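S.K.: Here it is, the structure, as structure tokens.
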Amino acid sequence: MLGYLGEKKRCKVYGLIKELTEKFDIYFVNYKNSMLGVGGVGTVTRALLKILPNLNMVCYDPNYKISEGDSNIGNVYTVDLETTEAELFHGIYAKLYLWPVLHNTFSVLKESEIADARVAFLNCSRCFAEKTVEVSKSDKNSVYWINDYNLACVAGFIREKNPESKIIFSLRTPFGVSTYPDFFEKDAKILVEGMLSADLLTFHREKDVLHFFDFVERHFDKDPRVEINWKNHTL
């Protein structure tokens, strides 16, 4: 994105980022190791490393091993997940259930098929939070930057362990607006409560923000704890 800015604006942004990193340690929490991986998140992460060479990465990567060349990809901290539980967490609950529902389509899974996967989702989310807080002991203040829907609950678990944490949650997935399966009420509560534990929520597009409002109105319209302000819009 910075490539589209003029030279003066780009220099200003670089200056602000440098100032930010002098005050804080940034911990980017992503399910996969995007410093080595492929796809959009990997491309952006590696570009970010040119600006933030000391970027810390917390991820699940059972195949990652430290080598001499790793000094060029920042600091990578891997979360130790049991293989079967990781598959339930990401391969079943996130990919086959949450992804289609949040993209305004329907999951082929029934409630009985996702009960164990939901438990694994919460267990693995807690493991991510514990690892992130564990490795972030430093003299600087830490900022936890959590990426996408499959880690939506991590912010809440970090907040439990460290109430004063500075947390950003970036949703790179739209919230669908179709009729949800009845049993999704439980999952909606889990996801939204996790996300609202962050200090800052970011979205891809304006319509994703509006879809999020719709999501919250559907499932939290009678919850007095929830109030969201955006462009003079309050829920």
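Residue numbers start at 1 in each chain; chains themselves are named A, B, ... in the order of the structure tokens; ligands are numbered from 1 in the order shown.
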Output as a list in words all residues of stretch 114-214 of chain A that backbone DSSP marks as strand (DSSP E or B).

M.R.: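 So, restricting stretch 114-214 of chain A to strand (DSSP E or B), we get Asn141, Ser142, Val143, Tyr144, Trp145, Ile146, Asn147, Lys166, Ile167, Ile168, Phe169, Ser170, Leu171, Leu200, Leu201, Thr202 and Phe203 of chain A.
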
S.K.: Write the selection just made, keeping C-alpha atoms, as a short mmCIF file (atom, residue, chain, number, x, y, z; two decimals), in the first residue's frame?

M.R.:
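Okay, result-v6.cif is ready:
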```cif
data_model
loop_
_atom_site.label_atom_id
_atom_site.label_comp_id
_atom_site.auth_asym_id
_atom_site.auth_seq_id
_atom_site.Cartn_x
_atom_site.Cartn_y
_atom_site.Cartn_z
CA ASN A 141 5.59 -2.07 25.96
CA SER A 142 4.18 -4.81 23.75
CA VAL A 143 1.50 -4.48 21.09
CA TYR A 144 -0.28 -7.67 20.09
CA TRP A 145 -1.52 -7.60 16.50
CA ILE A 146 -3.82 -10.57 15.87
CA ASN A 147 -4.79 -11.57 12.36
CA LYS A 166 -2.52 -3.25 23.87
CA ILE A 167 -4.34 -5.40 21.31
CA ILE A 168 -5.20 -4.92 17.64
CA PHE A 169 -7.44 -7.39 15.84
CA SER A 170 -7.54 -7.34 12.03
CA LEU A 171 -10.46 -9.09 10.39
CA LEU A 200 -8.68 -1.58 17.93
CA LEU A 201 -10.56 -3.51 15.24
CA THR A 202 -9.58 -3.18 11.59
CA PHE A 203 -11.46 -4.37 8.50
#
```

S.K.: Provide the atom CA of A:Lys50 to atom CA of A:Ser165 distance in Å, to one decimal place.

M.R.: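 Between these atoms lies a distance of 25.8 Å.
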
S.K.: Counting only C-alpha atoms, which of A:Glu164, A:Phe212, A:Phe184, A:Phe175 gets nearest to A:Ser197?

M.R.: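 Closest candidate: A:Glu164.
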
S.K.: For A:Ser125, please output as a compact mmCIF listing (two decimals) with N, CA, C and O atoms, in the first residue's frame all residues within 8 Å (counting only C-alpha atoms; exclusion window: fewer than 3 positions along the same chain).

M.R.:
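Final output, saved to selection_0.txt:
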```txt
# COMPACT_ATOMS: atom_id res chain seq x y z
N PHE A 121 -11.06 -25.34 19.16
CA PHE A 121 -10.88 -23.95 18.74
C PHE A 121 -10.55 -23.07 19.95
O PHE A 121 -9.61 -22.26 19.91
N LEU A 122 -11.28 -23.25 21.03
CA LEU A 122 -11.04 -22.45 22.23
C LEU A 122 -9.72 -22.85 22.90
O LEU A 122 -8.97 -21.99 23.36
N PHE A 128 -2.42 -19.99 21.85
CA PHE A 128 -1.85 -18.86 21.13
C PHE A 128 -1.66 -17.68 22.08
O PHE A 128 -0.63 -16.99 22.05
N ALA A 129 -2.67 -17.40 22.90
CA ALA A 129 -2.59 -16.27 23.83
C ALA A 129 -1.48 -16.48 24.85
O ALA A 129 -0.71 -15.56 25.14
N LEU A 151 -8.39 -16.66 14.59
CA LEU A 151 -7.81 -16.31 15.89
C LEU A 151 -8.65 -15.27 16.62
O LEU A 151 -8.15 -14.53 17.46
N CYS A 153 -10.70 -15.38 18.98
CA CYS A 153 -10.82 -15.50 20.44
C CYS A 153 -9.53 -15.21 21.18
O CYS A 153 -9.53 -15.12 22.41
N VAL A 154 -8.43 -15.09 20.46
CA VAL A 154 -7.13 -14.91 21.11
C VAL A 154 -7.06 -13.61 21.90
O VAL A 154 -6.50 -13.56 23.00
N PHE A 157 -8.45 -14.03 25.41
CA PHE A 157 -7.59 -14.80 26.31
C PHE A 157 -6.34 -14.00 26.70
O PHE A 157 -5.86 -14.12 27.83
```

S.K.: Write out as a PyMOL selection string all residues of stretch 103-202 of chain A that backbone DSSP assigns to helix (DSSP H, G or I).

M.R.: chain A and resi 111-135+149-151+154-161+184-195

S.K.: Keeping only C-alpha atoms, take the residues you just selected and write them out as a compact mmCIF listing (two decimals), in the first residue's frame.

M.R.:
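What ended up in selection.txt:
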```txt
# COMPACT_ATOMS: atom_id res chain seq x y z
CA GLU A 111 -23.93 -29.11 15.09
CA SER A 112 -23.02 -32.61 16.30
CA GLU A 113 -20.02 -32.59 13.94
CA ILE A 114 -18.53 -29.36 15.26
CA ALA A 115 -18.96 -29.74 19.04
CA ASP A 116 -15.48 -31.22 19.58
CA ALA A 117 -13.99 -28.83 17.04
CA ARG A 118 -15.42 -25.87 18.95
CA VAL A 119 -13.69 -27.06 22.12
CA ALA A 120 -10.43 -27.46 20.18
CA PHE A 121 -10.88 -23.95 18.74
CA LEU A 122 -11.04 -22.45 22.23
CA ASN A 123 -8.18 -24.60 23.58
CA CYS A 124 -5.88 -23.68 20.69
CA SER A 125 -6.85 -20.01 20.93
CA ARG A 126 -5.82 -20.07 24.59
CA CYS A 127 -2.49 -21.69 23.61
CA PHE A 128 -1.85 -18.86 21.13
CA ALA A 129 -2.59 -16.27 23.83
CA GLU A 130 -0.39 -17.97 26.42
CA LYS A 131 2.53 -18.25 24.00
CA THR A 132 2.19 -14.63 22.91
CA VAL A 133 2.20 -13.28 26.45
CA GLU A 134 5.03 -15.66 27.43
CA VAL A 135 7.45 -14.50 24.71
CA TYR A 149 -11.20 -14.87 12.01
CA ASN A 150 -9.51 -18.15 12.99
CA LEU A 151 -7.81 -16.31 15.89
CA VAL A 154 -7.13 -14.91 21.11
CA ALA A 155 -7.64 -11.25 22.06
CA GLY A 156 -10.01 -12.25 24.86
CA PHE A 157 -7.59 -14.80 26.31
CA ILE A 158 -4.70 -12.31 26.14
CA ARG A 159 -6.87 -9.76 27.93
CA GLU A 160 -7.57 -12.31 30.67
CA LYS A 161 -3.85 -12.97 31.20
CA PHE A 184 -24.43 -20.42 15.39
CA GLU A 185 -25.77 -18.24 18.21
CA LYS A 186 -23.23 -19.84 20.54
CA ASP A 187 -20.38 -19.29 18.08
CA ALA A 188 -21.43 -15.69 17.42
CA LYS A 189 -21.15 -14.94 21.12
CA ILE A 190 -17.71 -16.58 21.31
CA LEU A 191 -16.35 -14.69 18.28
CA VAL A 192 -17.72 -11.24 19.07
CA GLU A 193 -16.71 -11.31 22.73
CA GLY A 194 -13.19 -12.24 21.69
CA MET A 195 -12.97 -9.51 19.06
```

S.K.: Hey, which of A:Lys23, A:Arg46, A:Lys32, A:His103 ends up closest to A:Asp61? Count only C-alpha atoms.

M.R.: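 Among the listed residues, the smallest separation from A:Asp61 belongs to A:Lys32.
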
S.K.: Taking only C-alpha atoms into account, which of A:Glu82, A:Glu87, A:Asp214, A:Asp25 comes nearest A:Asn56?

M.R.: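 Smallest distance to A:Asn56 is found for A:Asp25.
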
S.K.: Would you pick out the contacts of A:Thr83 at 10 Å or less, using only C-alpha atoms, so that residues sharing its chain but fewer than 5 positions from it are not included, and give the list as JSON, numbers by chain?

M.R.: {"A": [62, 88, 89]}

S.K.: Find the spatial neighbours of A:Cys59, counting only C-alpha atoms, within a cut-off of 6 Å - ignore same-chain residues fewer than 3 positions away - and output them as an MDAnalysis selection string.

M.R.: chainID A and resid 30:33 78:79

S.K.: Please save N, CA and C atoms of the selected residues as a compact mmCIF listing (two decimals), in the first residue's frame.

M.R.:
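Saved as out.txt:
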```txt
# COMPACT_ATOMS: atom_id res chain seq x y z
N ASN A 30 -0.45 -14.79 13.87
CA ASN A 30 -1.14 -15.32 12.70
C ASN A 30 -1.12 -16.84 12.78
N TYR A 31 -2.14 -17.49 12.30
CA TYR A 31 -2.18 -18.95 12.43
C TYR A 31 -0.98 -19.60 11.75
N LYS A 32 -0.71 -19.24 10.49
CA LYS A 32 0.41 -19.82 9.77
C LYS A 32 1.63 -18.90 9.83
N ASN A 33 2.77 -19.46 9.55
CA ASN A 33 4.02 -18.71 9.54
C ASN A 33 4.09 -17.89 8.24
N THR A 78 6.94 -20.27 17.76
CA THR A 78 5.90 -21.21 17.35
C THR A 78 5.09 -21.70 18.54
N VAL A 79 3.80 -21.88 18.30
CA VAL A 79 2.87 -22.38 19.31
C VAL A 79 2.83 -23.90 19.22
```
